[in-house]
>>> print(open('query_7.csv').read())   # CSV, C-alpha atoms
chain,number,residue,atom,x,y,z
A,1,MET,CA,-13.9,-7.5,-20.9
A,2,GLN,CA,-13.6,-4.0,-22.1
A,3,LYS,CA,-14.4,-2.6,-18.7
A,4,ALA,CA,-11.8,-4.9,-17.1
A,5,LYS,CA,-9.2,-3.6,-19.5
A,6,LEU,CA,-10.0,0.0,-18.8
A,7,THR,CA,-10.0,-0.6,-15.0
A,8,LEU,CA,-6.6,-2.3,-15.2
A,9,ALA,CA,-5.2,0.5,-17.3
A,10,ALA,CA,-6.5,3.1,-14.8
A,11,VAL,CA,-5.1,1.3,-11.8
A,12,THR,CA,-1.8,0.7,-13.6
A,13,LEU,CA,-1.6,4.5,-14.2
A,14,ILE,CA,-2.2,5.2,-10.5
A,15,SER,CA,0.5,2.7,-9.6
A,16,VAL,CA,3.1,4.4,-11.6
A,17,LEU,CA,2.2,8.0,-10.6
A,18,PRO,CA,4.9,8.0,-7.9
A,19,MET,CA,7.5,7.4,-10.6
A,20,LEU,CA,6.3,10.4,-12.5
A,21,GLN,CA,6.5,13.0,-9.7
A,22,GLY,CA,9.4,14.7,-11.4
A,23,CYS,CA,7.5,15.1,-14.6
A,24,PHE,CA,4.1,16.2,-13.2
A,25,PRO,CA,4.7,17.8,-9.8
A,26,ALA,CA,1.6,20.0,-10.0
A,27,VAL,CA,-0.7,17.0,-10.7
A,28,VAL,CA,0.8,14.5,-8.4
A,29,GLY,CA,1.4,17.0,-5.6
A,30,GLY,CA,-2.1,18.5,-5.9
A,31,ALA,CA,-5.4,17.1,-7.0
A,32,ALA,CA,-4.4,13.5,-7.7
A,33,VAL,CA,-2.8,12.9,-4.3
A,34,GLY,CA,-5.6,15.0,-2.6
A,35,VAL,CA,-8.3,12.7,-3.9
A,36,LEU,CA,-6.5,9.5,-2.9
A,37,SER,CA,-5.7,11.0,0.5
A,38,ALA,CA,-9.3,11.9,1.1
A,39,TYR,CA,-10.4,8.3,0.9
A,40,ASP,CA,-7.6,7.0,3.2
A,41,ARG,CA,-8.7,5.9,6.6
A,42,ARG,CA,-5.4,7.1,8.1
A,43,SER,CA,-5.2,10.7,9.2
A,44,THR,CA,-3.1,13.0,7.0
A,45,GLY,CA,-0.6,13.2,9.8
A,46,THR,CA,-0.3,9.4,10.0
A,47,GLN,CA,0.1,9.3,6.2
A,48,ALA,CA,3.0,11.8,6.4
A,49,ASP,CA,4.5,9.8,9.3
A,50,ASP,CA,4.4,6.6,7.3
A,51,GLU,CA,6.2,8.2,4.3
A,52,THR,CA,8.8,9.6,6.7
A,53,SER,CA,9.3,6.2,8.3
A,54,GLU,CA,9.8,4.6,4.9
A,55,TRP,CA,12.5,7.2,4.0
A,56,LYS,CA,14.2,6.7,7.4
A,57,ALA,CA,14.2,2.9,7.0
A,58,LYS,CA,16.0,3.1,3.7
A,59,LEU,CA,18.8,5.0,5.5
A,60,HIS,CA,18.9,2.3,8.2
A,61,ILE,CA,20.1,-0.6,6.0
A,62,PRO,CA,23.6,-1.5,7.4
A,63,ASP,CA,26.3,-0.6,4.8
A,64,GLN,CA,27.7,-4.1,4.6
A,65,TYR,CA,24.4,-5.4,3.3
A,66,LYS,CA,23.3,-2.7,0.9
A,67,GLU,CA,25.1,-3.9,-2.3
A,68,ALA,CA,23.9,-7.6,-2.0
A,69,SER,CA,20.4,-6.8,-0.9
A,70,HIS,CA,17.1,-5.7,-2.5
A,71,VAL,CA,14.9,-4.3,0.3
A,72,ASN,CA,11.6,-2.4,0.2
A,73,PHE,CA,9.9,-0.7,3.2
A,74,THR,CA,6.1,-0.1,3.3
A,75,SER,CA,4.7,1.7,6.3
A,76,TYR,CA,0.9,1.7,6.9
A,77,ASN,CA,-0.6,3.2,10.0
A,78,ARG,CA,2.9,3.1,11.6
A,79,ARG,CA,3.3,-0.6,11.0
A,80,MET,CA,6.3,-1.4,8.9
A,81,LEU,CA,6.5,-4.2,6.3
A,82,ILE,CA,10.0,-5.2,5.1
A,83,THR,CA,10.1,-7.1,1.8
A,84,GLY,CA,12.8,-8.1,-0.6
A,85,GLU,CA,15.9,-10.3,-0.6
A,86,VAL,CA,19.0,-10.4,1.6
A,87,PRO,CA,22.0,-12.7,1.5
A,88,ASN,CA,21.6,-14.3,4.9
A,89,GLU,CA,19.8,-14.5,8.2
A,90,GLU,CA,22.2,-12.1,9.8
A,91,ALA,CA,21.3,-9.4,7.3
A,92,LYS,CA,17.6,-10.1,7.8
A,93,SER,CA,17.9,-9.7,11.5
A,94,ALA,CA,20.2,-6.7,11.4
A,95,ILE,CA,17.8,-4.7,9.1
A,96,GLU,CA,14.8,-5.5,11.3
A,97,SER,CA,16.7,-4.4,14.4
A,98,GLU,CA,17.6,-1.1,12.8
A,99,VAL,CA,14.0,-0.5,11.7
A,100,ARG,CA,12.7,-1.1,15.2
A,101,LYS,CA,14.8,1.8,16.4
A,102,ILE,CA,12.9,4.3,14.2
A,103,GLU,CA,10.7,6.5,16.3
A,104,GLY,CA,7.0,6.1,15.6
A,105,VAL,CA,7.1,2.6,14.2
A,106,ARG,CA,4.9,0.5,16.4
A,107,GLU,CA,5.1,-2.8,14.7
A,108,VAL,CA,7.5,-4.5,12.2
A,109,TYR,CA,6.7,-7.4,9.8
A,110,ASN,CA,9.9,-8.9,8.5
A,111,GLU,CA,9.0,-10.7,5.2
A,112,LEU,CA,12.5,-10.6,3.8
A,113,GLY,CA,13.6,-13.7,1.7
A,114,ILE,CA,17.0,-15.2,1.9
A,115,GLY,CA,18.8,-15.4,-1.5
A,116,ALA,CA,20.0,-13.4,-4.4
A,117,ALA,CA,18.3,-10.1,-5.2
A,118,SER,CA,15.3,-10.5,-7.5
A,119,SER,CA,15.8,-9.8,-11.2
A,120,LEU,CA,14.2,-6.8,-13.1
A,121,GLY,CA,11.9,-9.3,-14.8
A,122,SER,CA,10.7,-10.6,-11.5
A,123,ARG,CA,10.1,-7.1,-10.2
A,124,SER,CA,8.1,-6.2,-13.3
A,125,THR,CA,6.0,-9.3,-12.8
A,126,ASP,CA,5.3,-8.3,-9.2
A,127,SER,CA,4.3,-4.8,-10.4
A,128,PHE,CA,1.9,-6.4,-12.9
A,129,ILE,CA,0.4,-8.6,-10.2
A,130,ASP,CA,-0.1,-5.5,-8.0
A,131,SER,CA,-2.0,-3.8,-10.8
A,132,LYS,CA,-4.2,-6.9,-11.4
A,133,VAL,CA,-5.1,-7.2,-7.7
A,134,LYS,CA,-5.9,-3.5,-7.4
A,135,ALA,CA,-8.0,-3.7,-10.6
A,136,ARG,CA,-10.0,-6.7,-9.3
A,137,LEU,CA,-10.6,-4.9,-6.0
A,138,VAL,CA,-12.1,-2.0,-8.0
A,139,ASP,CA,-14.2,-4.4,-10.1
A,140,SER,CA,-15.5,-6.2,-7.1
A,141,ASN,CA,-17.6,-3.2,-6.1
A,142,GLN,CA,-17.4,-4.4,-2.5
A,143,ILE,CA,-14.5,-2.5,-1.2
A,144,SER,CA,-12.6,0.7,-1.8
A,145,ALA,CA,-9.2,-0.1,-3.3
A,146,ASN,CA,-7.9,3.0,-1.4
A,147,HIS,CA,-8.4,1.2,1.9
A,148,ILE,CA,-6.0,-1.6,0.9
A,149,LYS,CA,-2.3,-1.4,0.4
A,150,VAL,CA,-1.0,-4.1,-2.0
A,151,VAL,CA,2.7,-5.1,-1.9
A,152,THR,CA,3.9,-7.9,-4.1
A,153,GLU,CA,7.3,-9.5,-3.7
A,154,ARG,CA,8.3,-12.7,-5.5
A,155,ALA,CA,4.6,-13.2,-6.4
A,156,ILE,CA,3.7,-13.1,-2.7
A,157,VAL,CA,1.0,-10.6,-2.1
A,158,HIS,CA,1.0,-8.7,1.2
A,159,LEU,CA,-2.2,-6.9,2.1
A,160,MET,CA,-2.2,-3.9,4.5
A,161,GLY,CA,-5.0,-1.5,5.4
A,162,ILE,CA,-7.6,-0.5,7.9
A,163,VAL,CA,-10.7,-2.5,7.1
A,164,ASN,CA,-13.7,-4.2,8.7
A,165,GLU,CA,-14.0,-8.0,8.7
A,166,ARG,CA,-16.2,-8.2,5.6
A,167,GLU,CA,-13.8,-6.0,3.6
A,168,ALA,CA,-10.8,-8.1,4.7
A,169,LYS,CA,-12.5,-11.3,3.5
A,170,VAL,CA,-13.2,-9.7,0.1
A,171,ALA,CA,-9.6,-8.4,-0.2
A,172,VAL,CA,-8.1,-11.8,0.6
A,173,ALA,CA,-10.5,-13.6,-1.7
A,174,VAL,CA,-9.6,-11.3,-4.6
A,175,ALA,CA,-5.9,-11.5,-4.0
A,176,ARG,CA,-5.7,-15.3,-3.6
A,177,THR,CA,-7.7,-15.9,-6.8
A,178,THR,CA,-5.6,-13.5,-9.0
A,179,SER,CA,-3.5,-15.3,-11.6
A,180,GLY,CA,0.2,-15.4,-10.8
A,181,VAL,CA,-0.2,-15.0,-7.0
A,182,LYS,CA,1.7,-17.7,-5.1
A,183,LYS,CA,0.7,-16.7,-1.6
A,184,VAL,CA,-1.3,-14.1,0.3
A,185,VAL,CA,0.0,-12.6,3.6
A,186,ASN,CA,-2.8,-10.8,5.5
A,187,LEU,CA,-1.5,-7.9,7.5
A,188,MET,CA,-4.7,-5.8,7.6
A,189,GLU,CA,-6.0,-4.2,10.8
A,190,ILE,CA,-9.5,-5.2,11.5
A,191,ILE,CA,-12.0,-2.6,12.9
A,192,SER,CA,-15.7,-2.9,13.4
A,193,GLU,CA,-18.2,-1.9,10.7
A,194,GLU,CA,-19.4,0.9,12.9
A,195,ASP,CA,-15.9,2.3,13.4
A,196,ALA,CA,-15.3,2.0,9.6
A,197,ARG,CA,-18.4,4.0,8.9
A,198,ARG,CA,-17.5,6.6,11.5
A,199,ILE,CA,-13.9,7.1,10.1
A,200,ASP,CA,-15.2,7.3,6.5
A,201,SER,CA,-17.8,9.9,7.5
A,202,GLN,CA,-15.3,12.0,9.4
A,203,THR,CA,-12.7,11.7,6.6
A,204,LEU,CA,-15.0,12.7,3.8
A,205,GLY,CA,-16.8,15.3,5.8
A,206,ALA,CA,-13.5,17.0,6.7
A,207,ARG,CA,-11.8,16.8,3.3
A,208,THR,CA,-14.4,16.9,0.7
A,209,PRO,CA,-15.8,20.4,-0.1
A,210,PRO,CA,-19.6,20.7,-0.4
A,211,PRO,CA,-21.0,20.3,-3.9
A,212,GLN,CA,-21.4,23.5,-5.9
A,213,SER,CA,-24.5,24.1,-8.0
A,214,ALA,CA,-23.8,24.8,-11.6
A,215,PRO,CA,-25.0,28.1,-13.0
A,216,VAL,CA,-28.0,28.1,-15.3
A,217,GLU,CA,-28.5,30.3,-18.3
A,218,THR,CA,-31.9,30.8,-19.7
A,219,ARG,CA,-32.0,31.6,-23.4
>>> encode(input="query_7.csv", output="structure tokens")
Amino acid sequence: MQKAKLTLAAVTLISVLPMLQGCFPAVVGGAAVGVLSAYDRRSTGTQADDETSEWKAKLHIPDQYKEASHVNFTSYNRRMLITGEVPNEEAKSAIESEVRKIEGVREVYNELGIGAASSLGSRSTDSFIDSKVKARLVDSNQISANHIKVVTERAIVHLMGIVNEREAKVAVAVARTTSGVKKVVNLMEIISEEDARRIDSQTLGARTPPPQSAPVETR
């Protein structure tokens, strides 16, 4: 139980790091992000492109729908997930149409709900579910949580990532058995175990410096 609490606390801290960028630019912009990036199966260029696409997507929400909508964009390996709430089907279609115009976006998943924008309490619950799913992925010891992107909206968990079939099954099983989750939407890209090992080997080999031997003093 104590281990689970510590894991959940650690994952929760990671999940809020983006909100602390203004307070800790040296940490977030340096070692912390570097470590997470090193275990990402996307290239650093693709990660940068995904962040840029998310920023562009926010600017592509038609003005007439901005005030009555709550929209989030999550890009992973140039595949864009749209979540949140919009007032009607016209708004949902219009936002998707604009996102598809963004250069570099190769696929769009429109998971927008029709209705009033979610409350702050609902969004807080979603964030907590995010943290629980990530913590349970870590506790499973069967998959790297850095290979899975968890996006929760209205208690619906969306899973993105580049994983092999075994890892995908583990992630889905963890998410669907996490308390508070109403539904799981599987958007993960499946690659072979051989390709996963090759990517991991190339990624860690390219970005992780060789271990340094500690000095020894004889007294």
>>> closest_residue(input="query_7.csv", among="A:His147, A:Lys134, A:His70, A:Arg100", to="Ser53 (chain A)", atoms="all atoms listed in the file")
A:Arg100
>>> residues_around(input="query_7.csv", residues="region 117-121 of chain A", least_positions_apart="5", cutoff="10 Å", atoms="all atoms listed in the file", output="ChimeraX atom specification")
/A:67-71,84-87,126-127,153-154
>>> closest_atom_pairs(input="query_7.csv", of="region 26-122 of chain A", to="region 156-178 of chain A", cutoff="9 Å", atoms="all atoms listed in the file", output="CSV")
residue,atom,partner,partner_atom,distance
A:Asp40,CA,A:Ile162,CA,8.9
A:Arg41,CA,A:Ile162,CA,6.6
A:Arg42,CA,A:Ile162,CA,7.9
A:Tyr76,CA,A:Met160,CA,6.8
A:Asn77,CA,A:Gly161,CA,7.9
A:Leu81,CA,A:His158,CA,8.7
>>> residues_around(input="query_7.csv", residues="Thr74 (chain A)", least_positions_apart="2", cutoff="10 Å", atoms="all atoms listed in the file", output="ChimeraX atom specification")
/A:50-51,53-55,57,72,76,78-83,109,149-151,160
>>> closest_residue(input="query_7.csv", among="A:Ala48, A:Leu59, A:Ala196, A:Met188", to="Ile102 (chain A)", atoms="only C-alpha atoms")
A:Leu59
>>> atom_distance(input="query_7.csv", atom1="CA of Val181 (chain A)", atom2="CA of Ile129 (chain A)")
7.2 Å
>>> atom_distance(input="query_7.csv", atom1="CA of Gly113 (chain A)", atom2="CA of Arg136 (chain A)")
27.0 Å
>>> closest_residue(input="query_7.csv", among="A:Ile199, A:Ala155, A:Ala94, A:Ile61", to="Ser122 (chain A)", atoms="only C-alpha atoms")
A:Ala155
>>> closest_residue(input="query_7.csv", among="A:Asp195, A:Glu89, A:Glu103, A:Asp200", to="Thr52 (chain A)", atoms="only C-alpha atoms")
A:Glu103
>>> atom_distance(input="query_7.csv", atom1="CA of Val108 (chain A)", atom2="CA of Ala91 (chain A)")
15.4 Å
>>> closest_residue(input="query_7.csv", among="A:Ser75, A:Lys92, A:Asp63, A:Val105", to="Leu187 (chain A)", atoms="all atoms listed in the file")
A:Ser75
